[in-house]
Amino acid sequence: MDFNQLISIIVSTANFYAIWLILSLSLNYEYGYTGILNFGKVLFFSLGAYSSGFLAANLANIMAGVSFDICSVEAVQLRLDLAKAVPQLPLLVFVASLIMGAALSAAVAYLLYISTSRIKEGFVLGIILLSAGETSRIVVRNYEPVVCGYHGLVGIPNPYTAAGDPTSASFLLSITIWVIAGVAFLFINKLTATPYGRKLKAIRDNELAADIYGKKPSHERRKVLMIGSAMAGVAGVLYAYYLGFVAADDFTSLKTFDIWVAVMLGGVGNHLGAVTGSLVVTLIDRGTRVLRVFLANLSIPLETLYLRWIIVGVLMLLILMYRPAGIIPEKSIKTLGLLRIIERIKREKT
Amino acid sequence: MLVVDRVSKSFKGLKALDEISINIKPGHIYGIIGPNGSGKTTLFNIITGVLKPDSGQVIFDGRRIDVLEPNSIYNLGITRSFQLPTLWLNMSVAENLMLPPKQQVGENLRKAFFKKAWETQDMQLSDMVWQTLETLRLKQVALNKSSEISGGQMKLIELGRTMMSNPKLVLLDEPTAGVNPALALEIFKIIKEIKQSMGLTYVIIEHRYDMLFANADYIYLLNEGKVVSEGSPEKVINDPVLAEVYLGA
Amino acid sequence: MIEIASSLVRALQSGALYALMAIGLTLTLAILKIPNIAHAEYVTVGGYVSFYLINFAGFPLWQTVLPAFIFSGVVAVLSYLAVFRPLKTRKVSMFILMVASFAVSLIIRYSIYTIVAAANWGFGVKPKVVTNVVFRIAGIPITDILLMVLPITVVVTVTLYLFMIKTLQGKQMRAVADDPDLAVVSGINVDNVAVLTFFISGGLAGLAGAFWVVFTHAHPDIGLEALIRIIAASALGGFISYPGTLIGAFIVTLAENTVMDILNRNFGLSLALKPLMPMIITIVILVLRPAGITGLFSRQPRGRVAR
């Protein structure tokens with residue numbers, strides 16, 4: 001393995017990690033802080049990806065004034081040619097995709113939330129989200145107008161085509177992904193290290209008591225689910241642009257499970273936990289793919305891609321049974337007021 | 001101040017409350033007694049909006065509240081404690097006390113980003129929490145997780161949360177259940193002190209009749225979802241109905 | 001007209017199977033308060049038992065029904081003993097149980113993947129079952145499989161219903177559903193009830209799977225693909241009602257097949273949108289009648305009940 005190959009493996013792992021991180025942070029915000037059982041994470045992730053593919057394909061058609069079938073070879077060629085001819089266009093489409101992905105995810109989250117809001121049992125929302133995720137995957141796989149059904153939509157141009165050569169363009173995209181992940185981390189941290197975060201945890205720990213003490217559980221949950229889903233939508237856009245193509249079968253509930261493992265493994269209600277957990281999950285995911293090639297070269301007939309899910313499933317059960325707090329257990333939200341109480345207690349003890 | 005007007009509530013055909021009416025006037029301590037299943041806690045659940053009545057209405061300060069959500073009723077000034085402690089178990093004792101105060105700027109999604117907007121208020125809250133911890137003698141466990149403290153201490157936090165919420169009317173559901181007698185006395189002393197200093201109104205469900213009768217101004221005796229006797233403690237204690245209800249005579 | 005009528009017959013057939021699959025989900029939820037997503041995998045297990053017996057041991061389809069029932073039932077009981085019971089003794093929340101069931105479903109599904117790959121059975125292979133048209137009613141073909149599926153479904157559901165109403169075990173199950181704490185106090189062995197519930201639930205799913213594999217193909221994902229319909233049927237029963245779930249299953253299949261066929265024929269709606277139907281129905285029902293289409297077993301108010 002030469003140096004360049006190693007670099008490209010590291011960069012791609014970092015890209016996947018950054019995307020997983022955004023998803024884990026959003027799930028931690030929803031489940032870890034607010035107790036929303038979001039089993040449809042992949043739905044909102046996929047909506048971001050579909051938005052990207054759909055916009056890139058249809059805007060290219062509109063710009064060129066043609067009405068190619070978005071899945072046809074001509075349409076793919078057109079997208080790539082157009083990106084070369086008007087190098088600023090892909091960046092604009094990318095930004096538009098980010099906005100559409102976030103907005104669409106938040107809107108769908110809103111609709112699904114209010115449709116179950118009359119039911120107090122939280123697991124119903126979880127089941128509905130799971131079901132919605134699977135439904136959307138099966139529909140999009142068979143319904144070509146969204147992203148070309150079973151075959152997927154190829155030829156999403158790199159947003160930085162203007163940079164000239166492909167290497168720097170993809171490097172710029174990687175940097176964009178990392179920056180967005182970093183911003184997501186700061187955003188979530190700043191948002192939750194506050195009395196607001198404390199309120200969410202109260203809703204999670206005991207909804208009745210939160211309601212009795214004037215917090216609005218349903219109202220807050222709805223907002224949290226919308227913000228978390230918008231984040232997942234953004235992650236989906238980044239994913240689609242990084243891979244350059246979108247296919248519905250990429251978005252099975254397995255992805256949702258991966259994110260859940262990341263959050264439960266890292267530690268619920270704790271963003272450093274999400275950072276750690278998603279790193280472990282990314283390494284498992286990338287690692288098994290590398291191992292698969294390696295085993296195939298040695299002609300060992302072991303399908304690591306299947307084995308991986310058994311291992312991850314068992315890992316999840318072990319966490320739930322023996323270390324429910326995760327690697328990094330939850331800590332109090334140290335707002336200034338709480339810090340002052342801690343200080344006073346220290347002073348009294350000495 | 002609070003009027004419960006002919007409220008009924010049944011579960012699975014069983015009448016928990018049967019056209020019950022009570023009238024709470026400001027500045028007093030009211031006691032509610034009655035055997036298990038007489039509808040005391042259901043009454044609290046109806047007043048605080050946890051349950052909706054089948055018929056009848058609840059009026060607080062001239063406003064009908066039985067149609068409101070619990071959080072709106074809280075914001076009008078009614079707070080309550082639970083018989084079985086209903087704490088935020090994954091959070092520390094201090095955090096449990098920091099949560100009840102109303103109108104916390106930092107709890108607003110948009111304003112939470114601006115530390116300056118809520119820091120001062122959070123500091124003031126911490127002073128209030130400190131006082132409450134002192135009053136309830138909970139300082140030594142202030143930073144413990146609220147799931148890791150004794151049952152008696154949990155009951156104290158229940159009381160502490162009502163103290164933190166700056167209410168007009170406080171409903172206490174067996175504030176001294178599972179608490180040793182010395183502490184129970186102390187709790188009633190605290191309740192009286194707060195009542196005097198802040199001019200609050202209390203409605204207390206209690207099984208320790210000696211303490212309740214010594215401290216309450218007015219007693220409601222409930223049986224099978226109805227008020228069977230009411231009046232001053234002296235009156236209720238001498239009412240033959242009381243013995244009837246308890247001895248099943 | 002004949003097309004619509006035969007589409008109705010097909011809907012009846014798949015409706016019966018979805019009903020068998022969904023009953024188990026409702027039972028585990030109503031009785032044990034476990035939202036068991038892994039339930040869909042018991043369908044796959046039953047499907048593979050049937051597939052194996054037909055293709056490699058030469059069994060006729062009807063003889064695979066009982067083995068599929070027992071095998072899936074045992075897998076379900078094992079998942080209870082290995083995962084849900086230890087978690088329940090730790091008094092975890094319903095949420096954690098659901099997360100765990102997600103893990104269980106992956107473990108079962110990918111174990112099947114591994115076995116199928118190792119044994120070289122191939123993915124998406126059809127079981128060697130010949131479907132014969134026995135007779136036609138007004139031109140609508142009635143197959144021998146339909147004549148097997150319908151009576152078995154009716155017998156099984158009625159038996160189970162009587163079992164729940166009449167027998168001691170059934171009464172115990174309903175007592176646990178009503179109030180587990182009270183059931184313990186009154187001397188019911190909740191653990192036995194749980195094992196029995198899982199056996200019946202898994203068994204019914206496996207039984208349905210044995211037929212289902214004939215209509216589709218042998219693939220580790222068949223349970224997952226049925227999951228959205230199972231959930232929809234159970235949701236129509238408010239997740240607690242036995243008859244509600246049964247009726248729900250038929251409504252879902254009718255909407256997905258017959259209604260979509262009509263929409264497709266008359267309005268040109270793409271058939272690819274078929275799977276949207278269960279979701280739409282579920283949401284409409286949840287909005288209009290959160291307690292499900294029947295209130296038969298749902299005497300408990302569906303609201304916050306404080307102690």
# chains A, B, ... in the order shown; residues from 1 in each chain; ligands from 1
>>> interface_residues(of="chain C", to="chain A", cutoff="8 Å", atoms="only C-alpha atoms", output="PyMOL selection string")
chain C and resi 35+83+86-87+94-96+98+100+102-104+106-108+110-111+113-114+227-228+231+270+272-276+279+283-284+286-287+290+302-304
>>> write_last_selection(atoms="N, CA, C and O atoms", output="short mmCIF file (atom, residue, chain, number, x, y, z; two decimals), in the first residue's frame")
data_model
loop_
_atom_site.label_atom_id
_atom_site.label_comp_id
_atom_site.auth_asym_id
_atom_site.auth_seq_id
_atom_site.Cartn_x
_atom_site.Cartn_y
_atom_site.Cartn_z
N PRO C 35 -42.14 -3.65 22.80
CA PRO C 35 -42.32 -3.37 21.37
C PRO C 35 -41.24 -4.13 20.60
O PRO C 35 -40.14 -3.64 20.42
N VAL C 83 -32.48 -12.17 26.02
CA VAL C 83 -32.38 -10.71 25.96
C VAL C 83 -33.43 -10.00 26.81
O VAL C 83 -33.11 -9.23 27.71
N PRO C 86 -33.50 -10.86 30.89
CA PRO C 86 -32.47 -10.17 31.68
C PRO C 86 -32.67 -8.66 31.73
O PRO C 86 -32.42 -8.04 32.77
N LEU C 87 -33.13 -8.08 30.62
CA LEU C 87 -33.34 -6.63 30.64
C LEU C 87 -34.51 -6.26 31.54
O LEU C 87 -34.48 -5.26 32.26
N MET C 94 -39.32 0.83 28.46
CA MET C 94 -39.83 0.26 27.22
C MET C 94 -38.95 0.66 26.04
O MET C 94 -38.78 -0.10 25.09
N PHE C 95 -38.37 1.86 26.11
CA PHE C 95 -37.51 2.34 25.03
C PHE C 95 -36.31 1.42 24.87
O PHE C 95 -35.94 1.04 23.76
N ILE C 96 -35.70 1.09 26.02
CA ILE C 96 -34.50 0.25 25.95
C ILE C 96 -34.86 -1.12 25.41
O ILE C 96 -34.12 -1.71 24.62
N MET C 98 -37.08 -1.72 23.27
CA MET C 98 -37.26 -1.60 21.83
C MET C 98 -35.90 -1.52 21.13
O MET C 98 -35.69 -2.13 20.08
N ALA C 100 -33.23 -2.87 22.22
CA ALA C 100 -32.70 -4.23 22.29
C ALA C 100 -33.33 -5.11 21.21
O ALA C 100 -32.65 -5.91 20.58
N PHE C 102 -34.37 -4.22 18.40
CA PHE C 102 -33.72 -3.83 17.14
C PHE C 102 -32.44 -4.66 16.96
O PHE C 102 -32.19 -5.26 15.90
N ALA C 103 -31.64 -4.73 18.04
CA ALA C 103 -30.40 -5.51 17.99
C ALA C 103 -30.70 -6.98 17.73
O ALA C 103 -30.04 -7.63 16.91
N VAL C 104 -31.72 -7.51 18.42
CA VAL C 104 -32.08 -8.92 18.24
C VAL C 104 -32.45 -9.18 16.78
O VAL C 104 -32.06 -10.18 16.19
N LEU C 106 -31.41 -7.70 14.12
CA LEU C 106 -30.21 -7.76 13.27
C LEU C 106 -29.47 -9.08 13.48
O LEU C 106 -29.00 -9.70 12.52
N ILE C 107 -29.37 -9.50 14.74
CA ILE C 107 -28.63 -10.73 15.01
C ILE C 107 -29.30 -11.91 14.30
O ILE C 107 -28.64 -12.71 13.64
N ILE C 108 -30.63 -11.99 14.40
CA ILE C 108 -31.33 -13.10 13.74
C ILE C 108 -31.17 -12.99 12.23
O ILE C 108 -30.81 -13.96 11.55
N TYR C 110 -29.01 -11.46 10.28
CA TYR C 110 -27.69 -11.70 9.70
C TYR C 110 -27.15 -13.07 10.02
O TYR C 110 -26.28 -13.56 9.31
N SER C 111 -27.67 -13.71 11.06
CA SER C 111 -27.34 -15.13 11.25
C SER C 111 -27.91 -15.92 10.08
O SER C 111 -27.25 -16.81 9.53
N TYR C 113 -28.55 -14.74 7.10
CA TYR C 113 -27.71 -14.41 5.95
C TYR C 113 -26.46 -15.30 5.92
O TYR C 113 -26.11 -15.89 4.90
N THR C 114 -25.80 -15.39 7.08
CA THR C 114 -24.57 -16.16 7.16
C THR C 114 -24.82 -17.62 6.83
O THR C 114 -24.07 -18.24 6.06
N LEU C 227 -42.50 -6.01 7.51
CA LEU C 227 -42.59 -5.27 8.78
C LEU C 227 -43.53 -4.07 8.70
O LEU C 227 -44.33 -3.85 9.61
N ILE C 228 -43.45 -3.30 7.60
CA ILE C 228 -44.28 -2.10 7.57
C ILE C 228 -45.77 -2.45 7.59
O ILE C 228 -46.57 -1.73 8.16
N ILE C 231 -46.63 -3.60 11.22
CA ILE C 231 -46.78 -2.45 12.11
C ILE C 231 -48.09 -1.75 11.84
O ILE C 231 -48.83 -1.39 12.77
N SER C 270 -48.82 5.37 -10.06
CA SER C 270 -47.80 4.33 -10.19
C SER C 270 -47.94 3.28 -9.10
O SER C 270 -48.12 3.60 -7.93
N ALA C 272 -45.65 1.65 -7.97
CA ALA C 272 -44.48 1.71 -7.10
C ALA C 272 -44.82 2.40 -5.79
O ALA C 272 -44.12 2.26 -4.80
N LEU C 273 -45.91 3.15 -5.79
CA LEU C 273 -46.30 3.86 -4.57
C LEU C 273 -47.10 2.99 -3.61
O LEU C 273 -47.51 3.44 -2.56
N LYS C 274 -47.32 1.73 -4.01
CA LYS C 274 -48.10 0.82 -3.17
C LYS C 274 -47.70 0.81 -1.69
O LYS C 274 -48.57 0.93 -0.82
N PRO C 275 -46.40 0.67 -1.41
CA PRO C 275 -46.02 0.56 0.01
C PRO C 275 -46.37 1.80 0.84
O PRO C 275 -46.32 1.75 2.07
N LEU C 276 -46.71 2.91 0.17
CA LEU C 276 -47.10 4.10 0.93
C LEU C 276 -48.43 3.89 1.65
O LEU C 276 -48.70 4.51 2.67
N MET C 279 -48.59 3.04 5.40
CA MET C 279 -48.14 4.19 6.18
C MET C 279 -49.26 5.23 6.27
O MET C 279 -49.55 5.75 7.35
N ILE C 283 -51.19 6.47 9.68
CA ILE C 283 -51.18 7.85 10.16
C ILE C 283 -52.61 8.38 10.29
O ILE C 283 -52.95 9.00 11.30
N VAL C 284 -53.43 8.07 9.30
CA VAL C 284 -54.82 8.54 9.37
C VAL C 284 -55.50 7.98 10.63
O VAL C 284 -56.15 8.72 11.38
N LEU C 286 -54.05 6.91 13.39
CA LEU C 286 -53.47 7.47 14.61
C LEU C 286 -54.00 8.86 14.89
O LEU C 286 -54.18 9.26 16.03
N VAL C 287 -54.25 9.61 13.80
CA VAL C 287 -54.75 10.97 14.00
C VAL C 287 -56.22 10.94 14.41
O VAL C 287 -56.63 11.62 15.35
N PRO C 290 -56.72 7.40 17.96
CA PRO C 290 -55.46 6.91 18.52
C PRO C 290 -55.58 5.55 19.19
O PRO C 290 -54.61 4.81 19.28
N ARG C 302 -56.51 5.86 27.21
CA ARG C 302 -55.17 6.03 26.69
C ARG C 302 -54.71 7.43 27.02
O ARG C 302 -54.69 8.32 26.20
N GLY C 303 -54.41 7.68 28.27
CA GLY C 303 -53.95 9.02 28.62
C GLY C 303 -52.96 8.90 29.75
O GLY C 303 -52.63 7.81 30.18
N ARG C 304 -52.50 10.02 30.18
CA ARG C 304 -51.58 9.98 31.31
C ARG C 304 -52.35 9.56 32.55
O ARG C 304 -53.37 10.14 32.88
#
>>> interface_residues(of="chain B", to="chain C", cutoff="10 Å", atoms="only C-alpha atoms", output="PyMOL selection string")
chain B and resi 11-13+41-42+45+50-52+82-84
>>> interface_residues(of="chain A", to="chain B", cutoff="8 Å", atoms="only C-alpha atoms", output="CSV table (one decimal) with C-alpha atoms, in the first residue's frame")
chain,number,residue,atom,x,y,z
A,190,LYS,CA,-23.7,25.6,23.0
A,191,LEU,CA,-27.4,24.9,22.8
A,194,THR,CA,-27.7,25.7,29.2
A,195,PRO,CA,-30.9,25.7,31.3
A,196,TYR,CA,-32.5,24.7,28.0
A,197,GLY,CA,-30.5,21.4,28.0
A,198,ARG,CA,-31.5,20.9,31.6
A,199,LYS,CA,-35.2,21.4,30.7
A,202,ALA,CA,-36.2,16.9,32.8
A,205,ASP,CA,-36.4,11.7,32.8
A,206,ASN,CA,-40.0,12.3,33.8
A,209,ALA,CA,-43.1,15.9,36.4
A,211,ASP,CA,-45.4,19.0,32.6
A,212,ILE,CA,-46.5,19.6,36.2
A,213,TYR,CA,-43.5,22.0,36.6
A,214,GLY,CA,-44.5,24.1,33.6
A,215,LYS,CA,-42.3,22.7,30.9
A,216,LYS,CA,-44.1,21.8,27.7
A,332,SER,CA,-24.6,17.4,35.1
A,335,THR,CA,-24.5,26.2,34.2
A,336,LEU,CA,-23.0,29.1,36.2
A,337,GLY,CA,-25.7,28.7,38.9
A,338,LEU,CA,-24.8,25.1,39.4
A,340,ARG,CA,-21.7,28.3,42.2
A,341,ILE,CA,-23.5,25.7,44.3
A,342,ILE,CA,-20.6,23.3,43.7
A,345,ILE,CA,-20.3,23.1,49.0
>>> atom_distance(atom1="atom CA of C:Lys171", atom2="atom CA of C:Ala30")
13.5 Å
>>> select_by_dssp(residues="stretch 85-244 of chain C", states="strand (DSSP E)", output="compact mmCIF listing (two decimals) with C-alpha atoms, in the first residue's frame")
# COMPACT_ATOMS: atom_id res chain seq x y z
CA VAL C 133 -56.07 -23.57 -9.55
CA VAL C 134 -58.57 -25.87 -7.95
CA PHE C 135 -61.71 -24.24 -9.28
CA ARG C 136 -63.07 -20.91 -10.37
CA ILE C 137 -65.92 -18.95 -8.89
CA ILE C 140 -62.01 -15.96 -10.24
CA PRO C 141 -59.25 -18.54 -9.82
CA ILE C 142 -59.16 -20.21 -6.40
CA THR C 143 -55.79 -21.83 -5.71
>>> residues_around(residues="stretch 4-12 of chain A", least_positions_apart="4", cutoff="10 Å", atoms="only C-alpha atoms", output="tab-separated table (two decimals) with all heavy atoms, in the first residue's frame")
chain	number	residue	atom	x	y	z
A	16	PHE	N	-16.45	9.99	6.33
A	16	PHE	CA	-17.56	9.20	6.86
A	16	PHE	C	-17.75	9.48	8.34
A	16	PHE	O	-18.88	9.60	8.82
A	16	PHE	CB	-17.31	7.70	6.65
A	16	PHE	CG	-17.60	7.27	5.25
A	16	PHE	CD1	-16.59	6.82	4.41
A	16	PHE	CD2	-18.89	7.31	4.75
A	16	PHE	CE1	-16.86	6.42	3.12
A	16	PHE	CE2	-19.17	6.91	3.46
A	16	PHE	CZ	-18.15	6.47	2.63
A	17	TYR	N	-16.64	9.63	9.06
A	17	TYR	CA	-16.74	9.91	10.48
A	17	TYR	C	-17.49	11.22	10.72
A	17	TYR	O	-18.38	11.29	11.57
A	17	TYR	CB	-15.35	9.96	11.11
A	17	TYR	CG	-15.36	10.40	12.55
A	17	TYR	CD1	-16.19	9.77	13.47
A	17	TYR	CD2	-14.56	11.45	13.00
A	17	TYR	CE1	-16.22	10.17	14.79
A	17	TYR	CE2	-14.58	11.85	14.31
A	17	TYR	CZ	-15.42	11.21	15.20
A	17	TYR	OH	-15.45	11.61	16.51
A	18	ALA	N	-17.13	12.24	9.93
A	18	ALA	CA	-17.77	13.54	10.12
A	18	ALA	C	-19.28	13.44	9.90
A	18	ALA	O	-20.07	14.00	10.66
A	18	ALA	CB	-17.15	14.56	9.18
A	171	PHE	N	-10.84	17.62	-2.13
A	171	PHE	CA	-10.27	18.02	-0.85
A	171	PHE	C	-11.09	19.16	-0.23
A	171	PHE	O	-11.38	19.15	0.96
A	171	PHE	CB	-8.81	18.45	-1.05
A	171	PHE	CG	-8.11	18.73	0.25
A	171	PHE	CD1	-7.96	17.72	1.20
A	171	PHE	CD2	-7.63	20.00	0.55
A	171	PHE	CE1	-7.33	17.97	2.40
A	171	PHE	CE2	-7.01	20.26	1.75
A	171	PHE	CZ	-6.85	19.25	2.68
A	174	SER	N	-14.13	17.73	1.26
A	174	SER	CA	-13.84	17.09	2.54
A	174	SER	C	-13.77	18.13	3.64
A	174	SER	O	-14.33	17.94	4.73
A	174	SER	CB	-12.52	16.33	2.48
A	174	SER	OG	-12.61	15.30	1.55
A	175	ILE	N	-13.05	19.24	3.34
A	175	ILE	CA	-12.93	20.28	4.36
A	175	ILE	C	-14.31	20.83	4.72
A	175	ILE	O	-14.63	21.04	5.90
A	175	ILE	CB	-12.00	21.41	3.86
A	175	ILE	CG1	-10.59	20.82	3.78
A	175	ILE	CG2	-12.06	22.62	4.78
A	175	ILE	CD1	-9.50	21.83	3.63
A	242	TYR	N	-20.60	13.71	-1.37
A	242	TYR	CA	-19.31	13.04	-1.20
A	242	TYR	C	-19.24	11.80	-2.09
A	242	TYR	O	-18.24	11.57	-2.78
A	242	TYR	CB	-19.07	12.68	0.26
A	242	TYR	CG	-17.83	11.84	0.46
A	242	TYR	CD1	-16.60	12.31	0.01
A	242	TYR	CD2	-17.90	10.59	1.06
A	242	TYR	CE1	-15.46	11.55	0.16
A	242	TYR	CE2	-16.76	9.84	1.21
A	242	TYR	CZ	-15.54	10.32	0.75
A	242	TYR	OH	-14.42	9.56	0.89
A	286	ARG	N	-15.78	0.90	8.40
A	286	ARG	CA	-14.70	0.95	7.41
A	286	ARG	C	-13.82	-0.29	7.54
A	286	ARG	O	-13.41	-0.89	6.56
A	286	ARG	CB	-13.85	2.21	7.58
A	286	ARG	CG	-14.59	3.49	7.30
A	286	ARG	CD	-14.91	3.66	5.84
A	286	ARG	NE	-16.31	3.46	5.60
A	286	ARG	CZ	-16.86	3.34	4.40
A	286	ARG	NH1	-16.12	3.39	3.32
A	286	ARG	NH2	-18.15	3.15	4.27
A	290	VAL	N	-12.52	-3.10	4.72
A	290	VAL	CA	-11.12	-3.40	4.40
A	290	VAL	C	-10.84	-4.88	4.64
A	290	VAL	O	-10.24	-5.56	3.81
A	290	VAL	CB	-10.18	-2.52	5.26
A	290	VAL	CG1	-8.73	-2.90	5.05
A	290	VAL	CG2	-10.40	-1.04	4.94
>>> closest_atom_pairs(of="stretch 238-297 of chain C", to="stretch 4-13 of chain C", cutoff="7 Å", atoms="only C-alpha atoms", output="tab-separated table")
residue	atom	partner	partner_atom	distance
C:Phe250	CA	C:Leu12	CA	6.7
C:Thr253	CA	C:Ala11	CA	5.4
C:Leu254	CA	C:Ala11	CA	5.5
C:Asn257	CA	C:Ala11	CA	6.3
C:Thr258	CA	C:Ser7	CA	5.7
>>> residues_around(residues="stretch 38-52 of chain C", least_positions_apart="5", cutoff="6 Å", atoms="only C-alpha atoms", output="PyMOL selection string")
chain C and resi 64+68+72+101+104-105+127+202+205-206+209-210+213+222-224+227
>>> closest_residue(among="A:Ser97, A:Ala85, A:Leu21, A:Phe68", to="A:Gly53", atoms="only C-alpha atoms")
A:Ser97
>>> atom_distance(atom1="atom CA of A:Pro87", atom2="atom CA of A:Ala169")
11.2 Å
>>> residues_around(residues="C:Tyr242", least_positions_apart="3", cutoff="8 Å", atoms="only C-alpha atoms", output="list in words")
Ile23, Thr26, Leu27, Gly237, Thr245, Leu246 and Phe297 of chain C
>>> closest_residue(among="C:Leu53, C:Leu160, C:Phe211, C:Ser93", to="C:Thr131", atoms="only C-alpha atoms")
C:Phe211
